[in-house]
Amino acid sequence: MRRVTAHVWHGKKGARVFRHVAVFEWTEESTARQRAAAVTALEKWAAGPATAFGRLTVGVDAGLAEGNADVVVVMDLPDRETYAAYAVDEAHQALLREHVRPILRRRTAVQHEV
């Protein structure tokens, strides 16, 4: 499993973290090149613009169990308000439009406090 932790985000000691987890399944028709390009775009987002919001980790499924999804994105943010800004950020939306949604079969997400 490839995993990138792009930014070590240090919240206040003892502070709660607001976590966004998105799980992606690619379409059967998507190519290996498209899938790799989507992961690379997510990793670049994690290492750059996403750091303004918190810490983003991108993981590709290890392929150990039948029926697993393909990719997971875990975003640790300081609070709900930061998540709301992250969710509508234009660069974030452009990444999804250009690289993720064209090959997306299914997306599942959860937001919760840690």
# chains A, B, ... in the order shown; residues from 1 in each chain; ligands from 1

$ select_by_dssp --residues "region 8-102 of chain A" --states "strand (DSSP E)" --output "list in words"
Phe18, Arg19, His20, Val21, Ala22, Val23, Phe24, Glu25, Trp26, Arg55, Leu56, Thr57, Val58, Gly59, Val60, Val71, Val72, Val73, Val74, Met75, Asp76 and Leu77 of chain A

$ atom_distance --atom1 "CA of Asn68 (chain A)" --atom2 "CA of Pro49 (chain A)"
28.4 Å

$ residues_around --residues "Gln111 (chain A)" --least-positions-apart "3" --cutoff "7 Å" --atoms "only C-alpha atoms" --output "MDAnalysis selection string"
chainID A and resid 19:21

$ residues_around --residues "region 23-36 of chain A" --least-positions-apart "3" --cutoff "10 Å" --atoms "only C-alpha atoms" --output "list in words"
Val39, Thr40, Ala41, Leu42, Gly59, Val60, Gly67, Asn68, Ala69, Asp70, Val71, Val72, Val73, Val74, His99, Val100, Arg101, Pro102, Ile103, Leu104, Arg105, Arg106, Arg107, Thr108, Ala109 and Val110 of chain A

$ residues_around --residues "Val17 (chain A)" --least-positions-apart "3" --cutoff "8 Å" --atoms "only C-alpha atoms" --output "PyMOL selection string"
chain A and resi 11+76-79+113-114

$ write_last_selection --atoms "all heavy atoms" --output "compact mmCIF listing (two decimals), in the first residue's frame"
# COMPACT_ATOMS: atom_id res chain seq x y z
N GLY A 11 -2.03 20.12 16.13
CA GLY A 11 -3.08 20.87 16.78
C GLY A 11 -2.65 21.16 18.22
O GLY A 11 -1.60 20.74 18.67
N ASP A 76 -7.15 15.38 8.46
CA ASP A 76 -7.30 15.83 9.84
C ASP A 76 -7.25 17.36 9.86
O ASP A 76 -6.28 17.96 9.41
CB ASP A 76 -6.19 15.25 10.72
CG ASP A 76 -6.39 13.77 10.99
OD1 ASP A 76 -7.53 13.28 10.85
OD2 ASP A 76 -5.41 13.10 11.36
N LEU A 77 -8.32 17.92 10.39
CA LEU A 77 -8.50 19.37 10.41
C LEU A 77 -8.71 19.83 11.85
O LEU A 77 -9.12 19.04 12.70
CB LEU A 77 -9.72 19.75 9.57
CG LEU A 77 -9.71 19.19 8.15
CD1 LEU A 77 -10.90 18.31 7.92
CD2 LEU A 77 -9.66 20.31 7.16
N PRO A 78 -8.51 21.11 12.12
CA PRO A 78 -8.69 21.58 13.49
C PRO A 78 -10.14 21.64 13.95
O PRO A 78 -10.42 21.50 15.15
CB PRO A 78 -8.04 22.96 13.50
CG PRO A 78 -7.99 23.38 12.08
CD PRO A 78 -7.94 22.13 11.26
N ASP A 79 -11.08 21.84 13.02
CA ASP A 79 -12.48 22.00 13.43
C ASP A 79 -13.43 21.88 12.24
O ASP A 79 -13.00 21.78 11.09
CB ASP A 79 -12.68 23.36 14.13
CG ASP A 79 -12.13 24.53 13.31
OD1 ASP A 79 -12.35 24.56 12.08
OD2 ASP A 79 -11.49 25.40 13.90
N GLU A 113 -15.37 13.68 14.86
CA GLU A 113 -14.36 14.18 15.78
C GLU A 113 -13.54 13.01 16.29
O GLU A 113 -14.05 11.91 16.49
CB GLU A 113 -15.00 14.91 16.95
CG GLU A 113 -15.51 16.27 16.57
CD GLU A 113 -15.93 17.11 17.77
OE1 GLU A 113 -15.92 16.60 18.91
OE2 GLU A 113 -16.25 18.28 17.55
N VAL A 114 -12.26 13.27 16.50
CA VAL A 114 -11.34 12.27 17.02
C VAL A 114 -10.97 12.65 18.43
O VAL A 114 -10.69 13.79 18.70
CB VAL A 114 -10.08 12.17 16.15
CG1 VAL A 114 -9.09 11.17 16.72
CG2 VAL A 114 -10.43 11.84 14.73

$ atom_distance --atom1 "CA of Ala87 (chain A)" --atom2 "CA of Gly63 (chain A)"
28.6 Å

$ select_by_dssp --residues "chain A" --states "alpha helix (DSSP H)" --output "MDAnalysis selection string"
chainID A and resid 32:47 80:88 90:95

$ atom_distance --atom1 "CA of Tyr86 (chain A)" --atom2 "CA of Ala50 (chain A)"
8.0 Å

$ closest_residue --among "A:Met75, A:Val88, A:Ala37, A:Leu96" --to "Val58 (chain A)" --atoms "only C-alpha atoms"
A:Met75

$ decode --residues "region 20-74 of chain A" --atoms "C-alpha atoms" --output "compact mmCIF listing (two decimals), in the first residue's frame"
# COMPACT_ATOMS: atom_id res chain seq x y z
CA HIS A 20 -12.79 13.69 7.04
CA VAL A 21 -12.45 10.23 5.51
CA ALA A 22 -13.31 9.67 1.84
CA VAL A 23 -13.16 6.24 0.21
CA PHE A 24 -13.05 5.96 -3.58
CA GLU A 25 -13.83 3.07 -5.89
CA TRP A 26 -12.74 3.47 -9.50
CA THR A 27 -14.82 2.41 -12.48
CA GLU A 28 -13.92 -0.85 -14.18
CA GLU A 29 -13.41 1.12 -17.41
CA SER A 30 -10.76 3.38 -15.89
CA THR A 31 -7.22 2.68 -16.99
CA ALA A 32 -4.17 2.09 -14.81
CA ARG A 33 -2.81 5.38 -16.14
CA GLN A 34 -5.94 7.29 -15.09
CA ARG A 35 -5.90 5.69 -11.64
CA ALA A 36 -2.22 6.49 -11.15
CA ALA A 37 -2.79 10.08 -12.33
CA ALA A 38 -5.63 10.50 -9.82
CA VAL A 39 -3.47 9.21 -6.95
CA THR A 40 -0.56 11.42 -8.03
CA ALA A 41 -2.86 14.45 -8.14
CA LEU A 42 -4.16 13.62 -4.65
CA GLU A 43 -0.60 13.26 -3.35
CA LYS A 44 0.42 16.60 -4.86
CA TRP A 45 -2.65 18.20 -3.30
CA ALA A 46 -1.67 16.63 0.05
CA ALA A 47 1.88 17.97 -0.15
CA GLY A 48 0.83 21.47 -1.22
CA PRO A 49 -2.50 23.28 -1.00
CA ALA A 50 -4.11 20.87 1.48
CA THR A 51 -1.57 21.83 4.15
CA ALA A 52 -3.39 25.16 4.54
CA PHE A 53 -6.29 23.21 6.04
CA GLY A 54 -4.65 20.36 7.95
CA ARG A 55 -2.94 17.02 7.36
CA LEU A 56 -3.97 14.86 4.42
CA THR A 57 -3.03 11.20 4.01
CA VAL A 58 -3.63 9.30 0.78
CA GLY A 59 -3.64 5.51 0.79
CA VAL A 60 -3.98 2.99 -2.02
CA ASP A 61 -5.60 -0.32 -1.06
CA ALA A 62 -3.10 -3.13 -0.49
CA GLY A 63 -5.34 -5.60 -2.32
CA LEU A 64 -5.57 -8.06 0.57
CA ALA A 65 -9.35 -8.52 0.59
CA GLU A 66 -11.89 -8.96 -2.19
CA GLY A 67 -14.33 -6.09 -2.53
CA ASN A 68 -12.22 -3.37 -0.92
CA ALA A 69 -12.30 0.15 -2.29
CA ASP A 70 -9.31 1.50 -4.24
CA VAL A 71 -8.17 4.65 -2.44
CA VAL A 72 -8.75 6.36 0.88
CA VAL A 73 -8.15 10.00 1.77
CA VAL A 74 -7.95 10.99 5.44
